[in-house]
>>> print(open('final02.pdb').read())   # PDB, C-alpha atoms
ATOM      1  CA  MET X   1     196.297  82.155 -76.843
ATOM      2  CA  THR X   2     197.825  79.035 -75.639
ATOM      3  CA  THR X   3     197.517  77.441 -72.266
ATOM      4  CA  PRO X   4     200.816  77.490 -70.395
ATOM      5  CA  ALA X   5     202.237  74.120 -70.017
ATOM      6  CA  THR X   6     201.985  72.620 -66.601
ATOM      7  CA  PRO X   7     205.403  72.429 -65.016
ATOM      8  CA  PRO X   8     206.455  68.876 -64.474
ATOM      9  CA  LEU X   9     206.041  67.579 -60.943
ATOM     10  CA  PRO X  10     209.200  66.706 -59.099
ATOM     11  CA  GLN X  11     209.759  63.024 -59.257
ATOM     12  CA  ALA X  12     208.958  61.361 -56.013
ATOM     13  CA  HIS X  13     211.909  59.615 -54.606
ATOM     14  CA  PRO X  14     211.397  56.643 -52.314
ATOM     15  CA  GLN X  15     212.140  57.628 -48.760
ATOM     16  CA  GLU X  16     213.423  55.338 -46.124
ATOM     17  CA  ARG X  17     211.152  54.886 -43.185
ATOM     18  CA  PRO X  18     212.739  55.881 -39.919
ATOM     19  CA  GLY X  19     213.638  52.706 -38.211
ATOM     20  CA  PRO X  20     214.904  51.885 -34.790
ATOM     21  CA  ALA X  21     218.531  52.285 -34.061
ATOM     22  CA  VAL X  22     220.709  49.328 -34.772
ATOM     23  CA  HIS X  23     223.458  48.569 -32.362
ATOM     24  CA  GLY X  24     226.477  46.639 -33.288
ATOM     25  CA  PRO X  25     228.115  45.963 -36.628
ATOM     26  CA  LEU X  26     225.836  45.436 -39.616
ATOM     27  CA  ALA X  27     225.879  42.191 -41.450
ATOM     28  CA  PRO X  28     226.711  42.247 -45.177
ATOM     29  CA  GLY X  29     223.652  43.381 -47.128
ATOM     30  CA  MET X  30     221.885  44.986 -44.149
ATOM     31  CA  VAL X  31     220.532  48.497 -44.670
ATOM     32  CA  PRO X  32     220.453  50.901 -41.718
ATOM     33  CA  GLY X  33     216.860  51.719 -40.728
ATOM     34  CA  LEU X  34     215.344  48.752 -42.557
ATOM     35  CA  SER X  35     216.906  45.935 -40.644
ATOM     36  CA  ASN X  36     215.485  44.166 -37.616
ATOM     37  CA  TYR X  37     215.944  45.808 -34.277
ATOM     38  CA  VAL X  38     218.577  44.352 -32.043
ATOM     39  CA  SER X  39     218.004  45.245 -28.404
ATOM     40  CA  PRO X  40     221.077  46.082 -26.361
ATOM     41  CA  ILE X  41     219.363  44.461 -23.347
ATOM     42  CA  ALA X  42     219.890  40.754 -23.000
ATOM     43  CA  VAL X  43     216.568  38.971 -23.593
ATOM     44  CA  ARG X  44     215.896  35.765 -21.663
ATOM     45  CA  PRO X  45     212.771  33.680 -21.170
ATOM     46  CA  ALA X  46     210.706  34.292 -18.025
ATOM     47  CA  THR X  47     211.436  31.858 -15.202
ATOM     48  CA  PHE X  48     209.424  30.648 -12.228
ATOM     49  CA  GLY X  49     211.382  33.091 -10.053
ATOM     50  CA  ASP X  50     210.175  35.961 -12.242
ATOM     51  CA  ALA X  51     206.574  34.746 -11.828
ATOM     52  CA  LEU X  52     207.039  34.585  -8.042
ATOM     53  CA  ALA X  53     208.437  38.119  -7.967
ATOM     54  CA  SER X  54     205.537  39.367 -10.088
ATOM     55  CA  GLU X  55     202.884  37.727  -7.905
ATOM     56  CA  TRP X  56     204.570  38.990  -4.717
ATOM     57  CA  THR X  57     204.540  42.525  -6.106
ATOM     58  CA  LYS X  58     200.861  42.248  -6.972
ATOM     59  CA  ILE X  59     199.672  40.719  -3.700
ATOM     60  CA  ARG X  60     201.504  43.237  -1.500
ATOM     61  CA  SER X  61     200.502  46.274  -3.554
ATOM     62  CA  VAL X  62     196.712  45.820  -3.637
ATOM     63  CA  ARG X  63     194.520  47.145  -0.837
ATOM     64  CA  SER X  64     192.466  43.963  -0.522
ATOM     65  CA  THR X  65     195.488  42.166   0.961
ATOM     66  CA  MET X  66     195.961  44.789   3.664
ATOM     67  CA  TRP X  67     192.265  44.893   4.576
ATOM     68  CA  THR X  68     191.600  41.143   4.617
ATOM     69  CA  LEU X  69     194.766  40.070   6.424
ATOM     70  CA  GLY X  70     194.616  43.093   8.748
ATOM     71  CA  THR X  71     191.044  42.173   9.699
ATOM     72  CA  MET X  72     192.084  38.556  10.234
ATOM     73  CA  VAL X  73     194.877  39.567  12.629
ATOM     74  CA  ALA X  74     192.524  41.924  14.488
ATOM     75  CA  LEU X  75     189.925  39.148  14.865
ATOM     76  CA  LEU X  76     192.472  36.602  16.077
ATOM     77  CA  LEU X  77     193.990  38.966  18.628
ATOM     78  CA  GLY X  78     190.819  40.761  19.713
ATOM     79  CA  ILE X  79     188.544  37.751  20.101
ATOM     80  CA  GLY X  80     191.306  35.617  21.613
ATOM     81  CA  VAL X  81     192.101  38.129  24.349
ATOM     82  CA  LEU X  82     188.435  38.922  25.034
ATOM     83  CA  VAL X  83     187.591  35.220  25.402
ATOM     84  CA  ALA X  84     190.515  34.741  27.775
ATOM     85  CA  PHE X  85     189.392  37.635  29.993
ATOM     86  CA  GLY X  86     185.797  36.370  29.860
ATOM     87  CA  VAL X  87     186.790  32.862  30.938
ATOM     88  CA  ASP X  88     189.037  34.287  33.643
ATOM     89  CA  ALA X  89     186.210  36.444  34.977
ATOM     90  CA  ALA X  90     183.741  33.534  34.957
ATOM     91  CA  SER X  91     186.141  31.109  36.628
ATOM     92  CA  ASP X  92     186.611  31.107  40.386
ATOM     93  CA  ALA X  93     189.891  29.215  40.138
ATOM     94  CA  PRO X  94     192.357  30.766  37.630
ATOM     95  CA  GLY X  95     194.693  28.181  36.241
ATOM     96  CA  GLY X  96     192.290  25.412  37.187
ATOM     97  CA  GLU X  97     189.919  23.543  34.895
ATOM     98  CA  ALA X  98     189.445  26.523  32.543
ATOM     99  CA  GLY X  99     193.194  27.080  32.304
ATOM    100  CA  ASN X 100     193.875  23.498  31.188
ATOM    101  CA  ASP X 101     192.178  24.158  27.823
ATOM    102  CA  VAL X 102     193.669  27.594  27.333
ATOM    103  CA  LEU X 103     194.962  26.844  23.813
ATOM    104  CA  SER X 104     191.492  25.835  22.610
ATOM    105  CA  LEU X 105     190.217  29.368  23.279
ATOM    106  CA  GLY X 106     191.888  30.481  20.042
ATOM    107  CA  PHE X 107     189.256  28.526  18.076
ATOM    108  CA  PHE X 108     186.720  31.371  17.968
ATOM    109  CA  GLY X 109     189.094  33.903  16.433
ATOM    110  CA  VAL X 110     190.451  31.395  13.902
ATOM    111  CA  LEU X 111     186.944  30.428  12.733
ATOM    112  CA  LEU X 112     185.987  34.047  12.043
ATOM    113  CA  GLY X 113     189.417  34.910  10.651
ATOM    114  CA  SER X 114     189.178  32.063   8.129
ATOM    115  CA  VAL X 115     186.458  34.057   6.320
ATOM    116  CA  CYS X 116     189.043  36.790   5.636
ATOM    117  CA  VAL X 117     191.507  34.207   4.284
ATOM    118  CA  ILE X 118     188.819  32.740   2.031
ATOM    119  CA  THR X 119     188.036  36.188   0.654
ATOM    120  CA  LEU X 120     191.691  36.968  -0.079
ATOM    121  CA  GLY X 121     192.223  33.555  -1.681
ATOM    122  CA  VAL X 122     189.379  34.133  -4.117
ATOM    123  CA  LEU X 123     190.384  37.739  -4.883
ATOM    124  CA  THR X 124     193.994  36.729  -5.605
ATOM    125  CA  ILE X 125     192.949  35.432  -9.012
ATOM    126  CA  ALA X 126     189.229  36.142  -9.521
ATOM    127  CA  SER X 127     189.791  39.907  -9.367
ATOM    128  CA  GLU X 128     192.206  39.604 -12.308
ATOM    129  CA  PHE X 129     189.473  37.942 -14.355
ATOM    130  CA  GLY X 130     187.080  40.750 -13.390
ATOM    131  CA  THR X 131     189.431  43.599 -14.339
ATOM    132  CA  GLY X 132     191.013  41.917 -17.375
ATOM    133  CA  MET X 133     194.440  41.978 -15.723
ATOM    134  CA  ILE X 134     194.718  38.235 -16.337
ATOM    135  CA  ARG X 135     195.335  38.945 -20.053
ATOM    136  CA  THR X 136     198.354  41.086 -19.213
ATOM    137  CA  THR X 137     199.586  38.460 -16.782
ATOM    138  CA  LEU X 138     199.343  35.648 -19.312
ATOM    139  CA  THR X 139     200.913  37.808 -22.030
ATOM    140  CA  ALA X 140     203.948  38.399 -19.840
ATOM    141  CA  CYS X 141     204.044  34.742 -18.762
ATOM    142  CA  PRO X 142     202.317  32.495 -21.325
ATOM    143  CA  SER X 143     202.673  29.398 -19.151
ATOM    144  CA  ARG X 144     199.339  29.341 -17.308
ATOM    145  CA  SER X 145     200.380  26.526 -14.993
ATOM    146  CA  ARG X 146     203.398  28.566 -13.930
ATOM    147  CA  VAL X 147     201.200  31.583 -13.177
ATOM    148  CA  LEU X 148     198.795  29.513 -11.081
ATOM    149  CA  MET X 149     201.633  27.812  -9.209
ATOM    150  CA  ALA X 150     203.342  31.148  -8.488
ATOM    151  CA  LYS X 151     200.099  32.594  -7.123
ATOM    152  CA  ALA X 152     199.575  29.508  -4.959
ATOM    153  CA  VAL X 153     203.117  29.557  -3.511
ATOM    154  CA  VAL X 154     203.088  33.290  -2.704
ATOM    155  CA  PHE X 155     199.608  33.175  -1.173
ATOM    156  CA  PHE X 156     200.287  30.028   0.867
ATOM    157  CA  LEU X 157     203.568  31.276   2.368
ATOM    158  CA  LEU X 158     202.109  34.704   3.215
ATOM    159  CA  VAL X 159     199.019  33.335   4.981
ATOM    160  CA  PHE X 160     200.889  30.479   6.689
ATOM    161  CA  VAL X 161     203.566  32.724   8.226
ATOM    162  CA  LEU X 162     201.109  35.428   9.300
ATOM    163  CA  THR X 163     198.583  32.984  10.795
ATOM    164  CA  THR X 164     201.216  30.935  12.622
ATOM    165  CA  VAL X 165     202.825  34.004  14.195
ATOM    166  CA  THR X 166     199.464  35.523  15.181
ATOM    167  CA  THR X 167     198.090  32.324  16.720
ATOM    168  CA  ALA X 168     201.327  31.929  18.691
ATOM    169  CA  VAL X 169     200.974  35.465  20.062
ATOM    170  CA  VAL X 170     197.300  34.824  20.915
ATOM    171  CA  ALA X 171     198.183  31.566  22.705
ATOM    172  CA  MET X 172     200.863  33.316  24.781
ATOM    173  CA  LEU X 173     198.468  36.164  25.695
ATOM    174  CA  GLN X 174     195.741  33.698  26.696
ATOM    175  CA  THR X 175     198.235  31.712  28.737
ATOM    176  CA  ALA X 176     199.377  34.893  30.480
ATOM    177  CA  VAL X 177     195.769  35.777  31.352
ATOM    178  CA  LEU X 178     194.664  32.309  32.494
ATOM    179  CA  GLY X 179     198.000  30.838  33.558
ATOM    180  CA  GLY X 180     197.126  27.320  32.421
ATOM    181  CA  GLY X 181     199.576  26.907  29.544
ATOM    182  CA  ALA X 182     201.935  24.740  31.582
ATOM    183  CA  SER X 183     199.541  21.801  31.217
ATOM    184  CA  ALA X 184     199.803  21.900  27.404
ATOM    185  CA  SER X 185     202.572  19.811  25.856
ATOM    186  CA  GLY X 186     204.929  20.912  23.088
ATOM    187  CA  ALA X 187     202.921  18.880  20.578
ATOM    188  CA  ASP X 188     199.774  20.760  21.620
ATOM    189  CA  TRP X 189     201.502  24.109  21.066
ATOM    190  CA  ILE X 190     202.832  23.099  17.628
ATOM    191  CA  ARG X 191     199.418  21.830  16.542
ATOM    192  CA  ALA X 192     197.663  24.976  17.872
ATOM    193  CA  THR X 193     200.076  27.295  16.011
ATOM    194  CA  VAL X 194     201.814  25.589  13.057
ATOM    195  CA  GLY X 195     198.888  23.195  12.509
ATOM    196  CA  ILE X 196     196.354  26.016  12.513
ATOM    197  CA  GLY X 197     198.597  28.040  10.188
ATOM    198  CA  LEU X 198     198.838  25.128   7.727
ATOM    199  CA  TYR X 199     195.112  24.408   7.834
ATOM    200  CA  THR X 200     194.130  28.066   7.347
ATOM    201  CA  ALA X 201     196.608  28.563   4.483
ATOM    202  CA  LEU X 202     195.338  25.402   2.767
ATOM    203  CA  LEU X 203     191.743  26.599   3.196
ATOM    204  CA  GLY X 204     192.723  29.867   1.506
ATOM    205  CA  LEU X 205     194.504  27.928  -1.227
ATOM    206  CA  LEU X 206     191.318  25.931  -1.799
ATOM    207  CA  SER X 207     189.507  29.254  -2.198
ATOM    208  CA  LEU X 208     192.094  30.365  -4.781
ATOM    209  CA  ALA X 209     191.482  27.164  -6.752
ATOM    210  CA  VAL X 210     187.701  27.644  -6.605
ATOM    211  CA  GLY X 211     188.167  31.268  -7.739
ATOM    212  CA  THR X 212     190.191  30.005 -10.727
ATOM    213  CA  ILE X 213     187.400  27.632 -11.706
ATOM    214  CA  VAL X 214     184.465  30.004 -11.121
ATOM    215  CA  ARG X 215     186.292  33.194 -12.303
ATOM    216  CA  HIS X 216     183.808  35.345 -10.360
ATOM    217  CA  SER X 217     184.645  36.852  -6.971
ATOM    218  CA  ALA X 218     181.168  36.944  -5.421
ATOM    219  CA  GLY X 219     180.256  33.487  -6.697
ATOM    220  CA  ALA X 220     183.467  31.856  -5.477
ATOM    221  CA  ILE X 221     183.259  33.504  -2.030
ATOM    222  CA  THR X 222     179.647  32.358  -1.681
ATOM    223  CA  ILE X 223     180.623  28.791  -2.584
ATOM    224  CA  MET X 224     183.450  28.761  -0.025
ATOM    225  CA  ILE X 225     181.273  30.198   2.753
ATOM    226  CA  GLY X 226     178.821  27.401   1.977
ATOM    227  CA  VAL X 227     181.628  24.826   2.154
ATOM    228  CA  VAL X 228     182.594  26.108   5.607
ATOM    229  CA  LEU X 229     179.158  26.541   7.176
ATOM    230  CA  LEU X 230     176.619  24.472   5.226
ATOM    231  CA  PRO X 231     177.620  20.953   6.475
ATOM    232  CA  LEU X 232     177.341  22.057  10.100
ATOM    233  CA  VAL X 233     174.012  23.836   9.536
ATOM    234  CA  LEU X 234     172.551  20.864   7.645
ATOM    235  CA  ALA X 235     173.620  18.481  10.403
ATOM    236  CA  LEU X 236     171.786  20.567  12.989
ATOM    237  CA  PHE X 237     168.478  20.048  11.151
ATOM    238  CA  MET X 238     168.859  16.297  10.558
ATOM    239  CA  ALA X 239     166.705  14.950  13.357
ATOM    240  CA  VAL X 240     165.532  11.822  11.511
ATOM    241  CA  ASN X 241     167.000   8.549  12.771
ATOM    242  CA  GLN X 242     167.628   7.307   9.225
ATOM    243  CA  LEU X 243     170.037  10.213   8.708
ATOM    244  CA  THR X 244     172.001   9.657  11.892
ATOM    245  CA  ARG X 245     175.173   8.430  10.161
ATOM    246  CA  LEU X 246     175.068  11.255   7.591
ATOM    247  CA  ARG X 247     174.579  13.767  10.403
ATOM    248  CA  GLU X 248     177.626  12.395  12.209
ATOM    249  CA  LEU X 249     179.751  12.591   9.039
ATOM    250  CA  LEU X 250     178.747  16.195   8.458
ATOM    251  CA  PHE X 251     179.635  17.046  12.057
ATOM    252  CA  GLU X 252     182.968  15.206  11.939
ATOM    253  CA  TYR X 253     184.238  16.560   8.603
ATOM    254  CA  SER X 254     182.869  20.103   8.709
ATOM    255  CA  VAL X 255     185.527  22.808   8.681
ATOM    256  CA  PRO X 256     184.692  24.185  12.164
ATOM    257  CA  SER X 257     184.908  20.662  13.632
ATOM    258  CA  GLN X 258     188.302  20.040  12.017
ATOM    259  CA  ILE X 259     189.684  23.358  13.290
ATOM    260  CA  ALA X 260     188.474  22.403  16.764
ATOM    261  CA  ALA X 261     190.144  19.000  16.371
ATOM    262  CA  LEU X 262     193.512  20.720  15.944
ATOM    263  CA  TYR X 263     192.889  22.269  19.374
ATOM    264  CA  GLU X 264     191.982  18.819  20.762
ATOM    265  CA  SER X 265     188.464  20.085  21.494
ATOM    266  CA  SER X 266     186.397  18.571  18.676
ATOM    267  CA  ILE X 267     182.619  18.905  18.896
ATOM    268  CA  THR X 268     182.300  15.147  18.256
ATOM    269  CA  GLU X 269     183.905  12.181  19.997
ATOM    270  CA  SER X 270     184.768  10.503  16.686
ATOM    271  CA  GLY X 271     186.185  11.761  13.422
ATOM    272  CA  PRO X 272     189.596  13.238  12.496
ATOM    273  CA  SER X 273     192.021  14.033  15.289
ATOM    274  CA  GLY X 274     195.609  15.148  15.687
ATOM    275  CA  TRP X 275     197.117  16.190  12.331
ATOM    276  CA  GLU X 276     194.463  14.363  10.270
ATOM    277  CA  PRO X 277     192.453  17.564   9.505
ATOM    278  CA  VAL X 278     195.574  19.065   7.875
ATOM    279  CA  ALA X 279     196.069  15.921   5.760
ATOM    280  CA  ILE X 280     192.414  15.926   4.666
ATOM    281  CA  MET X 281     192.521  19.598   3.697
ATOM    282  CA  PHE X 282     195.832  19.035   1.847
ATOM    283  CA  LEU X 283     194.359  16.232  -0.285
ATOM    284  CA  LEU X 284     191.163  18.181  -1.010
ATOM    285  CA  THR X 285     193.114  21.306  -1.983
ATOM    286  CA  ALA X 286     195.497  19.313  -4.222
ATOM    287  CA  VAL X 287     192.606  17.745  -6.150
ATOM    288  CA  VAL X 288     190.794  21.064  -6.665
ATOM    289  CA  LEU X 289     194.062  22.769  -7.707
ATOM    290  CA  VAL X 290     194.594  20.141 -10.417
ATOM    291  CA  VAL X 291     191.059  20.766 -11.696
ATOM    292  CA  ALA X 292     191.679  24.530 -11.595
ATOM    293  CA  ASN X 293     194.912  24.099 -13.571
ATOM    294  CA  LEU X 294     193.115  22.084 -16.252
ATOM    295  CA  ALA X 295     190.332  24.666 -16.457
ATOM    296  CA  LEU X 296     192.816  27.548 -16.729
ATOM    297  CA  ASN X 297     194.709  25.830 -19.561
ATOM    298  CA  ARG X 298     191.652  24.817 -21.558
ATOM    299  CA  ARG X 299     189.506  27.936 -21.384
ATOM    300  CA  ASP X 300     189.981  31.287 -23.042
ATOM    301  CA  VAL X 301     190.496  34.398 -20.925
TER     302      VAL X 301
END
>>> encode(input="final02.pdb", output="structure tokens")
Amino acid sequence: MTTPATPPLPQAHPQERPGPAVHGPLAPGMVPGLSNYVSPIAVRPATFGDALASEWTKIRSVRSTMWTLGTMVALLLGIGVLVAFGVDAASDAPGGEAGNDVLSLGFFGVLLGSVCVITLGVLTIASEFGTGMIRTTLTACPSRSRVLMAKAVVFFLLVFVLTTVTTAVVAMLQTAVLGGGASASGADWIRATVGIGLYTALLGLLSLAVGTIVRHSAGAITIMIGVVLLPLVLALFMAVNQLTRLRELLFEYSVPSQIAALYESSITESGPSGWEPVAIMFLLTAVVLVVANLALNRRDV
């Protein structure tokens, strides 16, 4: 008995791997399915306009923007109107001495609202480090400086426009309640609206730069709250005569004092006045942004 011979196996023929469709005429020697894919969509490098559009889409689609800026507007309007009614009720002569400083009453709402701007500035970039979204962002746009600049431009314009419009509405409401706005000049109105908008947007931009360096939301917000409040608190406890000059400097250059200076109601008789607080904040923000750009380009994500 003999073992039946094993039938020969069919010879395996090399099969072509399914490849993407090729559009357009083939070059001589090209094999369909094995050639490189040619997209029918025109491919172009990402521009700064594309980065701006991307950052605008992100900042208007996250809930943190709505909550922080919505709270800021509510604080500016609510506290501004309440202070105006309180001053009007406490004053026996509406439009008199209390009405002459009507624009300065917006200080209280701006000081509290700046905390919301600081929070949003940090979250604009630190939240991407926390969720890992920054890797997707830098994959789509490998230029890290371009990404940081696009974030800064979108954030600055959004906060500046919103703060300027809101402070203008608050100033008009306070003037309507107290009736003392006629004593304020046009320069006072511009400084109390456009100046406050610039200063607040720059303060938020400084927070964005600190968030880029720290890359941690809670840590960066804590640092910025300390920058705003710590100089003023330290100055209050410096009762030693040897620290008199340092105490004065902390009072003069603290953030609350500079905001008050834009309203021409600074808590000190010396120090920055007029538009000088905006110039100081601009220089400080520019320096920290340069450091943040260097840190973003040199560190891994």
>>> residues_around(input="final02.pdb", residues="Leu157 in chain X", least_positions_apart="3", cutoff="12 Å", atoms="all atoms listed in the file", output="JSON, numbers by chain")
{"X": [52, 56, 59, 150, 151, 152, 153, 154, 160, 161, 162, 163, 164, 197, 198, 200, 201, 202, 204, 205]}
>>> resolve_selection(input="final02.pdb", expression="the PyMOL selection byres ((chain X and resi 70) around 12)", output="PyMOL selection string")
chain X and resi 63-69+71-78+113+116-117+120+159+162-163+166
>>> atom_distance(input="final02.pdb", atom1="CA of Trp189 in chain X", atom2="CA of Val170 in chain X")
11.5 Å
>>> atom_distance(input="final02.pdb", atom1="CA of Met149 in chain X", atom2="CA of Ala192 in chain X")
27.5 Å
>>> closest_residue(input="final02.pdb", among="X:Phe85, X:Phe237, X:Tyr199, X:Phe108", to="Val177 in chain X", atoms="all atoms listed in the file")
X:Phe85
>>> residues_around(input="final02.pdb", residues="Val81 in chain X", least_positions_apart="2", cutoff="12 Å", atoms="all atoms listed in the file", output="number ranges by chain")
X: 74-79, 83-88, 102-103, 105-109, 167, 169-178
>>> atom_distance(input="final02.pdb", atom1="CA of Arg215 in chain X", atom2="CA of Ser257 in chain X")
28.8 Å
>>> resolve_selection(input="final02.pdb", expression="the PyMOL selection byres ((chain X and resi 191) around 10)", output="list in words")
Leu103, Gly186, Ala187, Asp188, Trp189, Ile190, Ala192, Thr193, Val194, Gly195, Ile196, Gly197, Leu198, Ala261, Leu262, Tyr263, Glu264, Gly274, Trp275 and Val278 of chain X
>>> residues_near_point(input="final02.pdb", point="(185.1, 31.1, -8.9)", cutoff="12 Å", atoms="all atoms listed in the file", output="PyMOL selection string")
chain X and resi 118-119+121-130+206-224+288+292+295-296
>>> resolve_selection(input="final02.pdb", expression="the PyMOL selection byres ((chain X and resi 144) around 12)", output="PyMOL selection string")
chain X and resi 48+51+134-143+145-151+212+292-301
>>> axis_aligned_box(input="final02.pdb", around="range 258-267 of chain X", padding_each_side="8 Å", output="AutoDock Vina command-line options")
--center_x 188.1 --center_y 21.0 --center_z 16.8 --size_x 26.9 --size_y 20.8 --size_z 25.5
>>> closest_residue(input="final02.pdb", among="X:Leu283, X:Ala90, X:Ala46, X:Ile267", to="Glu252 in chain X", atoms="all atoms listed in the file")
X:Ile267
>>> decode(input="final02.pdb", residues="range 60-73 of chain X", atoms="N, CA and C atoms", output="CSV table (one decimal), in the first residue's frame")
chain,number,residue,atom,x,y,z
X,60,ARG,N,-13.4,80.5,21.4
X,60,ARG,CA,-14.9,80.8,21.5
X,60,ARG,C,-15.7,79.6,21.7
X,61,SER,N,-15.1,78.4,21.6
X,61,SER,CA,-15.8,77.2,21.7
X,61,SER,C,-15.7,76.5,23.1
X,62,VAL,N,-14.8,77.0,23.9
X,62,VAL,CA,-14.6,76.3,25.2
X,62,VAL,C,-15.5,77.1,26.3
X,63,ARG,N,-16.0,76.4,27.3
X,63,ARG,CA,-16.9,77.0,28.2
X,63,ARG,C,-16.1,77.9,29.2
X,64,SER,N,-14.8,77.7,29.4
X,64,SER,CA,-14.1,78.6,30.3
X,64,SER,C,-14.2,80.1,29.8
X,65,THR,N,-14.2,80.3,28.5
X,65,THR,CA,-14.2,81.6,28.0
X,65,THR,C,-15.6,82.3,28.4
X,66,MET,N,-16.7,81.6,28.2
X,66,MET,CA,-18.0,82.1,28.5
X,66,MET,C,-18.1,82.4,30.0
X,67,TRP,N,-17.6,81.5,30.8
X,67,TRP,CA,-17.8,81.7,32.3
X,67,TRP,C,-16.9,82.8,32.8
X,68,THR,N,-15.7,82.9,32.4
X,68,THR,CA,-14.8,83.9,32.9
X,68,THR,C,-15.1,85.3,32.4
X,69,LEU,N,-15.3,85.4,31.1
X,69,LEU,CA,-15.6,86.8,30.6
X,69,LEU,C,-17.1,87.2,31.0
X,70,GLY,N,-18.0,86.2,31.0
X,70,GLY,CA,-19.3,86.5,31.5
X,70,GLY,C,-19.3,87.0,32.9
X,71,THR,N,-18.5,86.4,33.8
X,71,THR,CA,-18.4,86.8,35.2
X,71,THR,C,-17.8,88.2,35.3
X,72,MET,N,-16.8,88.4,34.4
X,72,MET,CA,-16.1,89.7,34.4
X,72,MET,C,-17.1,90.9,34.1
X,73,VAL,N,-17.9,90.6,33.0
X,73,VAL,CA,-18.9,91.6,32.6
X,73,VAL,C,-19.9,91.9,33.7
